[in-house]
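Engineer: Quick one: the structure is below, questions incoming.
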Amino acid sequence: MSLIREIYKHRYIYSLAIPGLLILFVFSYLPLAGHLLAFKSFEHDKGIWGSPWVGFDNFRFFFGNPDWIHITWNTVYLNSLFLIAEIGIATLMALFLNEVRHVLFKRFLQSVVFLPYFISWLVVSLMVFGLLSNSDGMVNHFLAKSGIEQMDWYQTPWIWPIILTVTRAWKSAGYLSIILLAAITGISGEYYESAKIDGATRLQQMTKITLPLLRPTIIVLTLLGIGRIFYGDFGMIYAIIQDNGVLFSTTDVIDTYSYRALRQLGDFSMSSAIVLYQSIMGLVTILIFNTVVRKIDNDSRLF
Amino acid sequence: MEKILNFIIYSFLGLFAIGSLLPFWMVLINSFATESSLIQDGFQLWPSEFGLGAYRFLLKGHQVLNSYGITLIVTIAGTAVALWVTAAFAYVLAHPKIKYNNLLSMMTYIPMVFGTGLVGFYLLIVNWLNLKDTVWALILPYLVNPFLAFIFVAFYRTLPYEINESATVDGANEWRIFFQIVRPIVTPVMVTVGLFYALQYWNDWWLGLLFIDKSEMYPLQILLRQLLGSADALKLSATYGISPPSTGIKLAMVIITIGPIIFAYPFIQKYFVKGLTIGAVKG
């Protein structure tokens with residue numbers, strides 16, 4: 001009752017939220033009904049509600065094939081690599097940019113490293129191709145000129161976790177460094193003043209003042225990453241790898257796998273089962289990590 | 001010691017900066033190479049022979065112009081509507097009189113954490129709303145971006161509450177306060193958030209990949225994808241009536257796609273920095 005009274009009392013304010021709530025409801029909450037299909041055998045003419053229940057058959061099928069281990073491992077492994085590389089490089093970059101005293105030069109460097117954030121992964125995928133293509137790529141040309149043996153990159157699965165990590169760091173380190181640099185700017189100048197009086201070198205100021213004070217921001221960024229560790233970066237991986245099956249053993253993640261199940265095999269039920277499995281794993285991760293973080297550093301917890 | 005530190009700092013930043021620009025240069029300069037020089041020497045820092053063949057080929061058909069139109073419509077309409085929807089929605093989240101704004105914030109966060117489920121989303125757009133192969137499928141799902149909504153919230157919270165109080169005393173209702181008093185004040189934030197939305201719409205290919213199959217409805221990114229994927233390129237070359245697109249055409253297509261972003265970049269970059277800074281301070 002109090003809910004209705006509250007809404008009626010502030011009806012003008014609440015009414016401003018209606019379009020946004022409608023969009024959220026339709027595009028973020030209604031699709032959750034699709035999870036039901038994980039327990040059904042989807043028939044197009046009968047739709048989500050009319051299709052017959054099959055219990056856990058879809059899961060039995062999904063877990064009966066060793067693919068699920070590969071894609072789960074790849075998702076977690078690649079995301080961990082991305083997270084470490086991204087945040088490590090972005091932190092170094094922010095610390096270093098902060099040391100550049102020439103304002104215009106600093107701004108120039110910042111603009112340049114931020115640029116890759118502005119292009120789509122499809123564009124990046126052509127850049128990767130231009131560098132690594134077997135016959136035309138710049139890297140192989142360079143290797144040939146230097147007398148080193150060329151590599152058939154697109155046929156060599158083991159190297160792709162490294163390539164993807166470098167690509168990812170290339171695209172997002174500049175972006176993350178801006179967030180970290182904003183946090184550095186917020187640090188009071190007094191710390192540095194008194195450190196200088198005590199004779200601290202610049203390196204000491206970086207490692208003993210700036211880095212510890214950046215810790216909360218770094219923790220938040222890491223937690224956001226860990227919270228999404230079961231969600232592969234579809235836009236990136238599908239753009240770069242496409243349907244190159246040779247590389248699936250190291251690059252296929254849950255998201256590309258469920259996409260292909262849906263769009264190429266047309267297996268709606270199986271795709272639902274995979275996505276539901278992913279959501280549950282994601283939820284469990286968040287809950288566990290939030291508990292751990294609460295114990296270690298209560299201020300950084302998410303909820 | 002100081003010198004070594006400086007050396008490390010400048011070589012790290014310098015190398016990263018060169019590494020950031022090199023792929024852009026490679027795509028740009030090789031898009032002006034002739035096809036024969038690309039076939040013979042592959043990608044180069046400075047092609048042996050220059051020509052405009054790739055651009056001529058791309059601009060001959062209707063497809064590129066058509067796709068440009070679709071992407072422009074989606075970006076402009078999407079950004080305009082998303083800005084209003086998000087600004088109004090965030091206003092309620094930030095309003096001090098509202099008792100349930102925590103609940104509303106939770107509702108906004110949750111889909112960020114869980115994802116919505118690919119299959120349900122696909123069926124919703126294709127079967128229930130019947131939006132396959134329409135621009136609506138490319139616009140509607142992105143109208144409320146939680147991250148951008150919270151940039152608005154952070155800014156609204158910095159406004160003095162007296163604005164609201166004195167306007168209420170003067171007899172203005174909440175609509176008038178929002179549209180005539182608060183909205184003009186948040187113009188700078190609208191510019192920032194608007195640019196984030198525009199970039200998202202311009203660069204997105206996920207929605208196009210899922211929902212656009214007809215070539216006359218291809219946005220730029222999907223056209224680019226068709227050209228990049230060799231199998232799909234064969235299909236597309238049928239609409240051009242010429243042999244499958246070669247490397248030069250892919251490169252030229254990339255330049256056509258990112259051109260507007262690169263031209264605008266020097267002017268818009270600072271707004272993105274500002275947006276990220278607001279978000280970071282808010283934590």
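Chain lettering (A, B, ...) mirrors the order of the structure tokens, residue numbering begins at 1 for each chain separately, and ligand numbering begins at 1 in order of display.
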Please list as a ChimeraX atom specification every residue within 9 Å of segment 46-58 of chain A, counting only C-alpha atoms and excluding residues in the same chain fewer than 6 positions away.
Structural biologist: /A:33-34,36-40,269-274 /B:120,123,127
Engineer: Given the selection you just returned, output its residues as a file containing C-alpha atoms, formatted as a short mmCIF file (atom, residue, chain, number, x, y, z; two decimals), in the first residue's frame.
Structural biologist:
data_model
loop_
_atom_site.label_atom_id
_atom_site.label_comp_id
_atom_site.auth_asym_id
_atom_site.auth_seq_id
_atom_site.Cartn_x
_atom_site.Cartn_y
_atom_site.Cartn_z
CA ALA A 33 11.79 -16.11 -20.01
CA GLY A 34 14.07 -17.68 -22.61
CA LEU A 36 12.77 -21.79 -19.61
CA LEU A 37 13.80 -23.27 -22.93
CA ALA A 38 16.80 -24.86 -21.22
CA PHE A 39 14.28 -27.36 -19.81
CA LYS A 40 12.20 -27.68 -22.97
CA SER A 269 17.13 -25.31 -26.34
CA MET A 270 20.80 -26.25 -26.25
CA SER A 271 21.82 -22.60 -26.54
CA SER A 272 19.48 -21.74 -23.63
CA ALA A 273 21.00 -24.46 -21.48
CA ILE A 274 24.50 -23.10 -22.15
CA GLY B 120 15.16 -15.06 -24.97
CA LEU B 123 13.08 -14.65 -29.70
CA ASN B 127 9.18 -13.56 -32.85
#
Engineer: Set the distance at 9 Å and use only C-alpha atoms: which residues neighbour Leu181 of chain A once local chain neighbours fewer than 6 positions away are removed? I'd like the list as a list in words.
Structural biologist: Thr91, Met93, Ala94, Leu95, Leu97 and Asn98 of chain A; Thr277 of chain B
Engineer: Excluding same-chain residues fewer than 4 positions from Thr167 of chain A, what lies within 9 Å of it counting only C-alpha atoms, as a list of chain:residue names?
Structural biologist: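 Contacts, with the query itself left out: A:Val124, A:Val128, A:Ile162, A:Ile163, A:Lys171, A:Ser172.
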Engineer: Please provide the set of residues having any atom within 7 Å of segment 59-72 of chain A, restricted to only C-alpha atoms, with same-chain residues fewer than 5 positions apart removed, written as an NGL selection string.
Structural biologist: :A and (252-254 or 273)
Engineer: With distances taken over only C-alpha atoms, which of A:Leu132, A:Ile178, A:Ile184, A:Met206 is nearest to chain B?
Structural biologist: A:Ile178
Engineer: With only C-alpha atoms as the counted atoms, please give the residues lying no more than 10 Å from segment 218-225 of chain B, apart from itself and same-chain residues fewer than 6 positions off, as an MDAnalysis selection string.
Structural biologist: (chainID A and resid 120:123 125:126 239 242) or (chainID B and resid 63:74 133:135 138 202:209 211:212 232:233 236 249:254 256:258)
Engineer: Go ahead and save the residues from that selection, with N, CA and C atoms, as a compact mmCIF listing (two decimals), in the first residue's frame.
Structural biologist:
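Printed below is out01.txt as written:
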# COMPACT_ATOMS: atom_id res chain seq x y z
N SER A 120 35.68 -0.26 -33.75
CA SER A 120 34.99 -1.51 -33.44
C SER A 120 35.96 -2.69 -33.57
N TRP A 121 35.59 -3.81 -32.95
CA TRP A 121 36.43 -5.00 -33.01
C TRP A 121 36.58 -5.53 -34.43
N LEU A 122 35.58 -5.25 -35.28
CA LEU A 122 35.71 -5.69 -36.68
C LEU A 122 36.88 -4.99 -37.35
N VAL A 123 37.01 -3.70 -37.05
CA VAL A 123 38.13 -2.94 -37.60
C VAL A 123 39.44 -3.50 -37.05
N SER A 125 39.97 -6.46 -36.15
CA SER A 125 40.25 -7.78 -36.72
C SER A 125 40.98 -7.65 -38.06
N LEU A 126 40.65 -6.62 -38.83
CA LEU A 126 41.39 -6.44 -40.09
C LEU A 126 42.83 -5.99 -39.82
N ALA A 239 34.83 -11.45 -33.83
CA ALA A 239 35.33 -10.60 -34.91
C ALA A 239 36.69 -11.08 -35.39
N GLN A 242 36.44 -15.34 -36.04
CA GLN A 242 35.34 -15.72 -36.94
C GLN A 242 35.05 -17.22 -36.81
N GLN B 63 25.49 0.01 -52.28
CA GLN B 63 25.55 -0.62 -50.98
C GLN B 63 26.19 0.26 -49.90
N VAL B 64 27.33 0.88 -50.21
CA VAL B 64 28.03 1.66 -49.19
C VAL B 64 27.19 2.86 -48.75
N LEU B 65 26.65 3.59 -49.72
CA LEU B 65 25.83 4.75 -49.38
C LEU B 65 24.62 4.34 -48.56
N ASN B 66 24.02 3.24 -49.00
CA ASN B 66 22.86 2.71 -48.30
C ASN B 66 23.19 2.38 -46.85
N SER B 67 24.29 1.68 -46.65
CA SER B 67 24.70 1.30 -45.30
C SER B 67 25.05 2.52 -44.47
N TYR B 68 25.69 3.51 -45.10
CA TYR B 68 25.97 4.76 -44.40
C TYR B 68 24.67 5.39 -43.90
N GLY B 69 23.67 5.37 -44.75
CA GLY B 69 22.37 5.93 -44.36
C GLY B 69 21.80 5.22 -43.16
N ILE B 70 21.82 3.87 -43.20
CA ILE B 70 21.28 3.10 -42.08
C ILE B 70 22.03 3.43 -40.79
N THR B 71 23.37 3.44 -40.86
CA THR B 71 24.15 3.71 -39.66
C THR B 71 23.90 5.13 -39.15
N LEU B 72 23.77 6.09 -40.08
CA LEU B 72 23.50 7.47 -39.64
C LEU B 72 22.14 7.56 -38.95
N ILE B 73 21.13 6.94 -39.55
CA ILE B 73 19.79 6.99 -38.94
C ILE B 73 19.84 6.38 -37.55
N VAL B 74 20.45 5.19 -37.45
CA VAL B 74 20.51 4.50 -36.17
C VAL B 74 21.27 5.35 -35.14
N ASP B 133 15.28 -7.35 -39.33
CA ASP B 133 15.55 -6.53 -40.52
C ASP B 133 14.89 -5.16 -40.49
N THR B 134 14.78 -4.57 -39.28
CA THR B 134 14.33 -3.19 -39.18
C THR B 134 15.36 -2.39 -38.37
N VAL B 135 15.34 -1.05 -38.52
CA VAL B 135 16.28 -0.25 -37.73
C VAL B 135 15.93 -0.29 -36.25
N LEU B 138 18.01 -2.31 -34.14
CA LEU B 138 19.35 -1.78 -33.90
C LEU B 138 19.34 -0.63 -32.89
N TRP B 202 27.39 3.61 -33.43
CA TRP B 202 28.19 3.58 -34.65
C TRP B 202 29.00 2.29 -34.75
N ASN B 203 29.57 1.85 -33.62
CA ASN B 203 30.49 0.72 -33.65
C ASN B 203 29.82 -0.64 -33.44
N ASP B 204 28.55 -0.65 -33.02
CA ASP B 204 27.96 -1.93 -32.66
C ASP B 204 27.77 -2.84 -33.86
N TRP B 205 28.08 -4.09 -33.70
CA TRP B 205 27.77 -5.04 -34.77
C TRP B 205 27.06 -6.27 -34.23
N TRP B 206 26.90 -6.33 -32.92
CA TRP B 206 26.22 -7.46 -32.28
C TRP B 206 24.77 -7.52 -32.70
N LEU B 207 24.05 -6.39 -32.62
CA LEU B 207 22.64 -6.39 -32.98
C LEU B 207 22.45 -6.65 -34.47
N GLY B 208 23.32 -6.04 -35.27
CA GLY B 208 23.24 -6.26 -36.71
C GLY B 208 23.48 -7.72 -37.07
N LEU B 209 24.45 -8.32 -36.39
CA LEU B 209 24.78 -9.72 -36.64
C LEU B 209 23.59 -10.63 -36.32
N PHE B 211 20.27 -9.66 -36.03
CA PHE B 211 18.93 -9.35 -36.52
C PHE B 211 18.85 -8.84 -37.95
N ILE B 212 19.97 -8.57 -38.60
CA ILE B 212 19.89 -8.03 -39.96
C ILE B 212 20.43 -9.05 -40.97
N ASP B 232 31.12 -15.01 -46.62
CA ASP B 232 30.01 -14.09 -46.82
C ASP B 232 30.28 -13.14 -47.97
N ALA B 233 31.57 -12.87 -48.21
CA ALA B 233 31.93 -11.94 -49.27
C ALA B 233 31.47 -12.47 -50.62
N LEU B 236 27.94 -11.60 -51.04
CA LEU B 236 27.75 -10.18 -51.29
C LEU B 236 28.18 -9.79 -52.69
N ILE B 249 39.86 -3.60 -50.98
CA ILE B 249 38.50 -3.16 -50.73
C ILE B 249 38.15 -3.26 -49.25
N LYS B 250 38.66 -4.31 -48.59
CA LYS B 250 38.45 -4.41 -47.14
C LYS B 250 39.06 -3.21 -46.44
N LEU B 251 40.28 -2.86 -46.84
CA LEU B 251 40.97 -1.73 -46.20
C LEU B 251 40.21 -0.44 -46.42
N ALA B 252 39.79 -0.21 -47.67
CA ALA B 252 39.06 1.02 -47.97
C ALA B 252 37.76 1.06 -47.18
N MET B 253 37.12 -0.10 -47.03
CA MET B 253 35.86 -0.15 -46.28
C MET B 253 36.09 0.22 -44.82
N VAL B 254 37.21 -0.24 -44.26
CA VAL B 254 37.54 0.13 -42.88
C VAL B 254 37.72 1.64 -42.78
N ILE B 256 36.46 3.95 -44.68
CA ILE B 256 35.15 4.60 -44.83
C ILE B 256 34.36 4.50 -43.52
N THR B 257 34.50 3.36 -42.83
CA THR B 257 33.75 3.14 -41.59
C THR B 257 34.28 3.98 -40.43
N ILE B 258 35.60 4.05 -40.29
CA ILE B 258 36.14 4.79 -39.13
C ILE B 258 36.43 6.25 -39.45
Engineer: As an NGL selection string, please: the residues near segment 98-103 of chain B (cut-off 9 Å, only C-alpha atoms, same-chain neighbours under 2 positions excluded).
Structural biologist: (:A and (3 or 6-7 or 10 or 13-14)) or (:B and (92-96 or 105-108))
